[in-house]
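What follows is the content of coords07.cif, which has mmCIF, C-alpha atoms:
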```
data_coords
loop_
_atom_site.label_atom_id
_atom_site.label_comp_id
_atom_site.auth_asym_id
_atom_site.auth_seq_id
_atom_site.Cartn_x
_atom_site.Cartn_y
_atom_site.Cartn_z
CA PRO A 1 81.48 116.54 73.75
CA LEU A 2 84.70 117.84 72.17
CA ILE A 3 83.74 121.47 72.77
CA PHE A 4 82.79 120.63 76.36
CA ALA A 5 86.14 118.90 76.96
CA VAL A 6 88.03 121.90 75.60
CA LYS A 7 86.03 124.24 77.83
CA MET A 8 86.75 122.08 80.88
CA LYS A 9 90.50 122.10 80.16
CA LEU A 10 90.43 125.87 79.82
CA LEU A 11 88.52 126.11 83.10
CA VAL A 12 91.08 123.94 84.91
CA CYS A 13 93.95 126.00 83.55
CA LEU A 14 92.21 129.22 84.58
CA LEU A 15 91.51 127.93 88.09
CA LEU A 16 95.06 126.67 88.58
CA SER A 17 96.60 129.91 87.41
CA CYS A 18 94.28 132.28 89.26
CA MET A 19 93.30 130.74 92.60
CA TYR A 20 96.77 131.11 94.10
CA ARG A 21 96.92 134.80 93.22
CA ILE A 22 93.56 135.25 94.93
CA HIS A 23 94.92 133.65 98.12
CA ALA A 24 98.05 135.77 97.96
CA LEU A 25 96.03 138.96 97.79
CA GLN A 26 93.84 137.77 100.63
CA TYR A 27 96.72 137.01 102.98
CA GLY A 28 99.05 139.78 101.90
CA TYR A 29 102.20 138.06 100.63
CA ASN A 30 103.64 137.42 97.19
CA ARG A 31 103.29 134.10 95.37
CA SER A 32 105.15 132.94 92.29
CA SER A 33 103.19 129.83 91.30
CA VAL A 34 103.53 128.25 87.88
CA VAL A 35 101.37 125.71 86.05
CA LEU A 36 103.26 122.57 85.00
CA ARG A 37 102.58 120.86 81.68
CA SER A 38 103.84 117.65 80.13
CA ALA A 39 105.35 117.42 76.65
CA ASN A 40 101.91 116.59 75.17
CA GLY A 41 100.25 119.57 76.84
CA ARG A 42 98.63 117.77 79.79
CA ILE A 43 98.35 119.93 82.91
CA ARG A 44 100.47 118.07 85.47
CA GLY A 45 100.06 120.39 88.43
CA THR A 46 101.32 123.61 89.92
CA ARG A 47 104.21 124.71 92.11
CA ASP A 48 105.51 127.62 94.13
CA VAL A 49 109.02 126.74 95.29
CA MET A 50 111.17 129.76 94.58
CA ASN A 51 112.54 131.50 97.70
CA GLU A 52 110.54 129.25 100.04
CA ASP A 53 112.09 127.83 103.22
CA PHE A 54 110.42 124.44 102.89
CA VAL A 55 108.35 122.82 100.13
CA ILE A 56 105.59 120.26 100.64
CA GLY A 57 104.62 117.97 97.77
CA GLY A 58 101.05 117.00 96.97
CA LEU A 59 99.46 114.20 94.93
CA PHE A 60 95.80 114.69 93.99
CA PRO A 61 93.52 113.13 91.34
CA ILE A 62 92.65 116.37 89.52
CA HIS A 63 91.52 114.24 86.56
CA SER A 64 89.90 110.81 86.55
CA GLU A 65 91.25 107.71 84.86
CA ALA A 66 90.23 107.29 81.21
CA GLY A 67 91.95 103.95 80.62
CA PRO A 68 95.38 102.42 81.03
CA GLY A 69 97.85 105.27 81.33
CA ARG A 70 95.39 107.94 80.18
CA CYS A 71 93.85 110.87 82.07
CA GLY A 72 90.13 111.51 81.71
CA ASP A 73 87.62 114.10 82.88
CA PHE A 74 88.24 116.90 85.33
CA ARG A 75 87.33 116.01 88.95
CA LEU A 76 86.06 118.82 91.17
CA GLN A 77 84.89 116.74 94.15
CA GLY A 78 87.70 114.72 95.65
CA GLY A 79 90.24 116.21 93.27
CA LEU A 80 90.49 119.96 92.90
CA GLU A 81 88.65 120.51 96.20
CA ARG A 82 91.27 118.52 98.12
CA MET A 83 94.08 120.36 96.40
CA GLU A 84 92.45 123.67 97.27
CA ALA A 85 92.17 122.53 100.91
CA MET A 86 95.95 121.98 101.01
CA LEU A 87 96.62 125.38 99.48
CA TYR A 88 94.22 126.99 101.94
CA ALA A 89 96.01 125.33 104.88
CA LEU A 90 99.41 126.51 103.61
CA ASP A 91 98.08 130.03 103.16
CA LEU A 92 96.75 130.11 106.72
CA ILE A 93 100.10 128.93 108.08
CA ASN A 94 102.13 131.37 106.01
CA SER A 95 99.90 134.29 106.97
CA ASP A 96 100.18 133.61 110.73
CA ALA A 97 103.56 134.78 112.06
CA THR A 98 102.99 132.92 115.36
CA LEU A 99 102.86 129.43 113.82
CA LEU A 100 106.18 129.27 111.95
CA PRO A 101 108.04 132.55 112.60
CA ASN A 102 110.27 133.63 109.71
CA ILE A 103 109.47 130.43 107.78
CA THR A 104 107.47 130.25 104.56
CA LEU A 105 106.07 127.03 103.13
CA GLY A 106 105.93 126.40 99.41
CA TYR A 107 104.21 123.64 97.46
CA ASP A 108 104.66 121.37 94.48
CA ILE A 109 101.35 119.70 93.64
CA ARG A 110 100.86 117.07 90.93
CA ASP A 111 97.90 115.39 89.24
CA THR A 112 97.84 111.57 89.51
CA CYS A 113 94.70 110.95 87.40
CA TYR A 114 94.06 108.01 89.78
CA LEU A 115 96.75 106.08 87.89
CA GLU A 116 99.63 104.16 89.46
CA ASN A 117 102.15 104.92 86.73
CA ILE A 118 101.42 108.65 86.62
CA GLY A 119 101.35 108.90 90.42
CA LEU A 120 104.71 107.14 90.70
CA ASP A 121 106.25 109.25 87.91
CA GLU A 122 105.12 112.47 89.58
CA ALA A 123 106.29 111.31 93.02
CA TYR A 124 109.70 110.50 91.55
CA ASP A 125 109.82 113.91 89.94
CA LEU A 126 108.88 115.55 93.24
CA ILE A 127 111.50 113.78 95.33
CA ILE A 128 114.42 113.04 93.01
CA ALA A 129 114.30 116.01 90.68
CA GLY A 130 112.80 118.53 93.09
CA SER A 131 116.18 119.94 94.07
CA GLN A 132 117.71 119.60 90.62
CA LEU A 133 115.65 119.68 87.44
CA ASP A 134 112.04 118.90 86.62
CA ILE A 135 112.57 115.82 84.42
CA MET A 136 109.63 116.62 82.16
CA SER A 137 109.59 120.42 81.89
CA CYS A 138 113.35 121.05 82.45
CA GLN A 139 112.63 123.99 84.76
CA ALA A 140 115.23 124.64 87.45
CA THR A 141 114.16 124.60 91.08
CA ASP A 142 115.90 125.60 94.30
CA SER A 143 113.98 123.71 96.99
CA SER A 144 113.76 120.02 97.90
CA ILE A 145 110.57 118.34 99.06
CA LEU A 146 110.04 118.05 102.83
CA GLY A 147 107.29 115.43 102.45
CA ILE A 148 104.32 114.41 100.31
CA VAL A 149 100.60 114.80 101.01
CA GLY A 150 98.69 112.04 99.20
CA ALA A 151 97.87 110.08 97.24
CA ALA A 152 94.12 109.53 97.25
CA ALA A 153 93.70 105.94 96.01
CA SER A 154 95.46 103.10 97.81
CA ARG A 155 96.61 101.59 94.52
CA VAL A 156 98.49 104.84 93.83
CA SER A 157 99.79 105.26 97.37
CA VAL A 158 101.30 101.75 97.52
CA PRO A 159 104.00 102.26 94.84
CA VAL A 160 104.55 105.84 96.01
CA ALA A 161 105.03 104.60 99.59
CA GLY A 162 107.66 102.15 98.36
CA LEU A 163 109.52 105.00 96.67
CA CYS A 164 109.23 107.21 99.77
CA ARG A 165 110.69 104.44 101.93
CA LEU A 166 113.63 104.06 99.57
CA LEU A 167 114.28 107.81 99.48
CA ILE A 168 113.47 108.46 103.18
CA THR A 169 110.63 110.88 102.45
CA PRO A 170 107.53 111.15 104.71
CA GLN A 171 104.18 110.53 103.01
CA VAL A 172 100.81 111.38 104.57
CA SER A 173 97.67 110.21 102.76
CA TYR A 174 94.23 111.69 103.32
CA SER A 175 92.15 108.78 101.91
CA SER A 176 94.26 105.66 101.22
CA THR A 177 92.72 102.99 103.45
CA SER A 178 94.30 99.72 102.26
CA GLU A 179 95.54 97.48 105.07
CA THR A 180 98.58 96.74 102.90
CA LEU A 181 99.92 100.17 103.81
CA SER A 182 99.90 99.25 107.52
CA ASN A 183 102.99 97.09 106.99
CA ARG A 184 105.65 99.13 108.79
CA GLU A 185 108.50 97.05 107.42
CA ASN A 186 107.63 97.84 103.81
CA TYR A 187 106.08 101.30 104.24
CA ASN A 188 107.66 102.80 107.34
CA PHE A 189 107.51 106.34 105.94
CA PHE A 190 103.78 106.14 105.16
CA TYR A 191 101.18 107.75 107.43
CA ARG A 192 97.51 108.57 107.00
CA THR A 193 94.75 110.63 108.55
CA ILE A 194 92.09 107.97 107.91
CA SER A 195 91.61 104.52 109.41
CA SER A 196 92.55 101.36 107.50
CA ASP A 197 90.14 98.97 105.80
CA THR A 198 90.45 96.57 108.72
CA LEU A 199 88.04 98.70 110.73
CA GLN A 200 85.71 98.98 107.74
CA ALA A 201 85.66 95.18 107.39
CA ARG A 202 84.89 94.81 111.10
CA ALA A 203 82.01 97.28 110.78
CA MET A 204 80.60 95.24 107.88
CA ILE A 205 80.79 92.05 109.96
CA ASP A 206 79.05 93.81 112.87
CA LEU A 207 76.19 94.74 110.54
CA MET A 208 75.88 91.16 109.31
CA LEU A 209 75.76 89.85 112.87
CA HIS A 210 73.23 92.49 113.91
CA PHE A 211 70.83 91.58 111.10
CA ASN A 212 71.65 87.86 111.30
CA TRP A 213 73.02 87.73 107.75
CA THR A 214 74.91 84.47 107.97
CA TYR A 215 74.99 83.51 104.27
CA ILE A 216 76.49 86.05 101.87
CA SER A 217 78.22 86.61 98.55
CA THR A 218 81.14 89.00 98.07
CA ILE A 219 82.34 91.16 95.19
CA HIS A 220 85.63 93.04 95.23
CA THR A 221 87.97 95.00 92.99
CA ARG A 222 91.27 93.26 92.26
CA ASN A 223 93.58 96.03 93.41
CA ALA A 224 95.40 97.29 96.49
CA TYR A 225 92.11 98.53 97.95
CA GLY A 226 89.63 95.75 97.24
CA GLN A 227 91.74 92.60 97.60
CA PRO A 228 93.11 93.16 101.14
CA GLY A 229 89.71 94.50 102.21
CA ILE A 230 87.74 91.48 101.08
CA ASP A 231 90.41 89.15 102.48
CA GLU A 232 89.79 90.74 105.89
CA VAL A 233 86.02 90.32 105.46
CA HIS A 234 86.49 86.63 104.62
CA ALA A 235 88.76 86.06 107.63
CA LEU A 236 86.35 87.77 110.05
CA ALA A 237 83.35 85.99 108.49
CA ALA A 238 84.98 82.63 109.16
CA GLU A 239 85.62 83.62 112.79
CA HIS A 240 81.95 84.50 113.31
CA GLY A 241 80.35 81.59 111.48
CA ILE A 242 79.25 83.57 108.42
CA CYS A 243 79.22 81.41 105.27
CA ILE A 244 80.17 82.68 101.81
CA ASP A 245 78.37 81.26 98.80
CA LEU A 246 80.03 83.19 95.96
CA THR A 247 83.11 85.40 95.83
CA GLU A 248 84.13 87.19 92.64
CA GLY A 249 86.65 89.86 91.66
CA ILE A 250 86.28 92.74 89.21
CA ASP A 251 89.08 94.15 87.09
CA ASP A 252 89.36 97.73 85.86
CA ASP A 253 88.99 96.59 82.25
CA PHE A 254 85.88 94.44 82.79
CA THR A 255 83.70 94.26 79.67
CA ASP A 256 79.89 94.44 79.52
CA LEU A 257 79.79 90.70 78.85
CA GLU A 258 81.88 89.97 81.95
CA TYR A 259 79.58 92.15 84.06
CA GLN A 260 76.57 90.28 82.66
CA ILE A 261 78.15 86.93 83.54
CA LEU A 262 78.84 88.18 87.06
CA THR A 263 75.25 89.41 87.38
CA ASP A 264 73.90 86.03 86.33
CA LYS A 265 76.06 84.34 88.96
CA LEU A 266 74.67 86.62 91.66
CA ILE A 267 71.09 86.02 90.54
CA ASN A 268 71.63 82.25 90.73
CA SER A 269 73.36 82.46 94.10
CA GLN A 270 71.58 81.15 97.19
CA ALA A 271 72.68 84.20 99.22
CA ASN A 272 70.43 87.25 99.52
CA VAL A 273 73.16 89.59 100.80
CA VAL A 274 76.07 90.85 98.68
CA VAL A 275 79.07 92.51 100.31
CA VAL A 276 81.02 94.80 97.99
CA PHE A 277 84.58 95.93 98.65
#
```
Would you put the structure from the file into structure tokens?
Amino acid sequence: PLIFAVKMKLLVCLLLSCMYRIHALQYGYNRSSVVLRSANGRIRGTRDVMNEDFVIGGLFPIHSEAGPGRCGDFRLQGGLERMEAMLYALDLINSDATLLPNITLGYDIRDTCYLENIGLDEAYDLIIAGSQLDIMSCQATDSSILGIVGAAASRVSVPVAGLCRLLITPQVSYSSTSETLSNRENYNFFYRTISSDTLQARAMIDLMLHFNWTYISTIHTRNAYGQPGIDEVHALAAEHGICIDLTEGIDDDFTDLEYQILTDKLINSQANVVVVF
């Protein structure tokens, strides 16, 4: 396992350092991207900001969560792939002189590891220190961030959206669906390209009505994604006469014993349908 982990880290570093040069050769312009590392050697992301007209920030879960405050395994699907999609879009724009004549877009992309604290730290570094100094690597930059693409998880996007509101920085998420983020008073600089969980909850209720499931149990994660989502399910269920026998929440640090207790509760429940959010 240790050898495999080392190989994966080397692979990530190789991909981050080489893929941008490949794009540059493909589209015929020079890139000056650098790989960012933290003081303990963790790969934080990559940036190309020197001599660019505008810089767009990015927050992607390149690694998974390994525990409170710790990054885990490398994530290809949903992590590196999404980051590569952003880089590909920027390359297409920069290589087409008819889209933004005489303007070149740069990027500053960071790894959130699906963690709120790391996502917020990196967002702060992008916005506050982007035009001054990188607070962790002490590398000088000469471009401020125009806006941020991301984050992925709602629980990461919520604190980042609060920071973006305070610092008047647009944020566009590609997969944060929590209804909490629809509050325009608290998150008026947050936008997304995906619908909120309200529509997902309504679709779940439509399925229950279609199959005449009028007695259910619900399980949800106690975070910015699961709690508002299940609250919407409960509200819509009450409107449509759907009864709830058991409702339970799951924390990120649930133990095997706690899962077993929850399983026993579901087995002893009178409901045959379990809705999970």
Atomic distance CA of Glu65 in chain A - CA of Leu115 in chain A, expressed in Å with one decimal: 6.5 Å
Output check: residues returned by the PyMOL selection byres ((chain A and resi 225) around 9), as a PyMOL selection string: chain A and resi 153-155+176-180+197+220-224+226-230+277
Point-to-point distance from CA of Ile103 in chain A to CA of Asn51 in chain A, Å rounded to tenths: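 Computing it gives 10.6 Å between the two atoms.
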Given the PyMOL selection byres ((chain A and resi 240) around 10), the residues it picks as a list in words: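 That selection, the PyMOL selection byres ((chain A and resi 240) around 10), comes back as Ile205, Asp206, Met208, Leu209, Thr214, Ala235, Leu236, Ala237, Ala238, Glu239, Gly241, Ile242 and Cys243 of chain A.
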Nearest candidate to Val158 in chain A (options A:Phe60, A:Phe74, A:Tyr88, A:Phe189; using all atoms listed in the file): A:Phe189
Distance query Ser173 in chain A at most 7 Å, only C-alpha atoms, self and fewer than 3 positions along chain excluded, as a list in words: Val149, Gly150, Ala151, Ala152, Ser176, Tyr191, Arg192 and Thr193 of chain A
Within-7 Å shell of (89.5, 95.1, 107.1) in input frame, only C-alpha atoms, as a list in words: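 Every residue inside that radius is included here: Glu179, Ser196, Asp197, Thr198, Leu199, Gln200, Ala201, Arg202, Gly229, Glu232 and Val233 of chain A.
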Next, the residues of the selection above should be written as a PDB file, in the coordinates of the input with C-alpha atoms.
```pdb
ATOM      1  CA  GLU A 179      95.540  97.480 105.070  1.00  0.00           C
ATOM      2  CA  SER A 196      92.550 101.360 107.500  1.00  0.00           C
ATOM      3  CA  ASP A 197      90.140  98.970 105.800  1.00  0.00           C
ATOM      4  CA  THR A 198      90.450  96.570 108.720  1.00  0.00           C
ATOM      5  CA  LEU A 199      88.040  98.700 110.730  1.00  0.00           C
ATOM      6  CA  GLN A 200      85.710  98.980 107.740  1.00  0.00           C
ATOM      7  CA  ALA A 201      85.660  95.180 107.390  1.00  0.00           C
ATOM      8  CA  ARG A 202      84.890  94.810 111.100  1.00  0.00           C
ATOM      9  CA  GLY A 229      89.710  94.500 102.210  1.00  0.00           C
ATOM     10  CA  GLU A 232      89.790  90.740 105.890  1.00  0.00           C
ATOM     11  CA  VAL A 233      86.020  90.320 105.460  1.00  0.00           C
TER      12      VAL A 233
END
```
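Near Thr104 in chain A, within 9 Å and counting only C-alpha atoms, sit Asn51, Glu52, Asp53, Phe54, Val55, Leu90, Ile93, Asn94 and Ser95 of chain A, not including residues fewer than 6 positions from it in the same chain.
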Selection under test: the PyMOL selection byres ((chain A and resi 246) around 12); residues as a list in words: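 Applied to this file, the PyMOL selection byres ((chain A and resi 246) around 12) selects Tyr215, Ile216, Ser217, Thr218, Ile219, His220, His234, Cys243, Ile244, Asp245, Thr247, Glu248, Gly249, Leu262, Thr263, Asp264, Lys265, Leu266, Ile267, Asn268, Ser269, Gln270, Ala271, Asn272, Val273, Val274, Val275 and Val276 of chain A.
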Protein, DNA and RNA residues within 9 Å of (100.1, 108.5, 74.6), only C-alpha atoms, as a PyMOL selection string: chain A and resi 40+69-70
Non-local contacts of Asn186 in chain A (9 Å; only C-alpha atoms; under 4 positions in same chain excluded) as a ChimeraX atom specification: /A:161-162,165,181-182
Among the residues A:Glu185, A:Asp91, A:Asp251, A:Asp121, the one that comes closest to Asp48 in chain A [using all atoms listed in the file]: A:Asp91
Atomic separation - CA of Ser144 in chain A relative to CA of Asn102 in chain A, Å: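 Between these atoms lies a distance of 18.4 Å.
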Top pick for closest residue to Gln171 in chain A, considering A:Ser195, A:Asn183, A:Ile145, A:Asp73 and counting only C-alpha atoms: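 Counting only C-alpha atoms, the residue closest to Gln171 in chain A is A:Ile145.
The smallest atom-to-atom distance between Gln77 in chain A and any of A:Gly41, A:Ser64, A:Ala97, A:Ala89, using all atoms listed in the file, is found for A:Ser64.
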Neighbour list for Arg44 in chain A as number ranges by chain, cut-off 10 Å, only C-alpha atoms, skip fewer than 3 positions in-chain: A: 35-38, 41, 62-63, 109-113, 118, 122, 136
Filled-in N, CA and C atoms of range 241-254 of chain A, supplied as a tab-separated table (two decimals), in the coordinates of the input:
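Final file, part_36.tsv:
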```
chain	number	residue	atom	x	y	z
A	241	GLY	N	81.31	82.55	111.99
A	241	GLY	CA	80.35	81.59	111.48
A	241	GLY	C	79.51	82.09	110.33
A	242	ILE	N	79.98	83.05	109.59
A	242	ILE	CA	79.25	83.57	108.42
A	242	ILE	C	79.75	82.84	107.18
A	243	CYS	N	78.85	82.20	106.43
A	243	CYS	CA	79.22	81.41	105.27
A	243	CYS	C	79.19	82.26	103.99
A	244	ILE	N	80.07	81.93	103.07
A	244	ILE	CA	80.17	82.68	101.81
A	244	ILE	C	79.83	81.73	100.67
A	245	ASP	N	78.82	82.10	99.91
A	245	ASP	CA	78.37	81.26	98.80
A	245	ASP	C	79.17	81.54	97.53
A	246	LEU	N	79.36	82.80	97.20
A	246	LEU	CA	80.03	83.19	95.96
A	246	LEU	C	80.97	84.35	96.24
A	247	THR	N	82.17	84.27	95.73
A	247	THR	CA	83.11	85.40	95.83
A	247	THR	C	83.74	85.63	94.47
A	248	GLU	N	83.65	86.85	93.98
A	248	GLU	CA	84.13	87.19	92.64
A	248	GLU	C	84.89	88.51	92.67
A	249	GLY	N	85.89	88.62	91.78
A	249	GLY	CA	86.65	89.86	91.66
A	249	GLY	C	86.35	90.58	90.37
A	250	ILE	N	86.53	91.89	90.38
A	250	ILE	CA	86.28	92.74	89.21
A	250	ILE	C	87.56	93.46	88.85
A	251	ASP	N	87.91	93.43	87.58
A	251	ASP	CA	89.08	94.15	87.09
A	251	ASP	C	88.67	95.50	86.50
A	252	ASP	N	89.64	96.40	86.40
A	252	ASP	CA	89.36	97.73	85.86
A	252	ASP	C	88.89	97.68	84.41
A	253	ASP	N	89.33	96.68	83.67
A	253	ASP	CA	88.99	96.59	82.25
A	253	ASP	C	87.88	95.58	81.98
A	254	PHE	N	87.01	95.35	82.96
A	254	PHE	CA	85.88	94.44	82.79
A	254	PHE	C	85.00	94.89	81.63
```
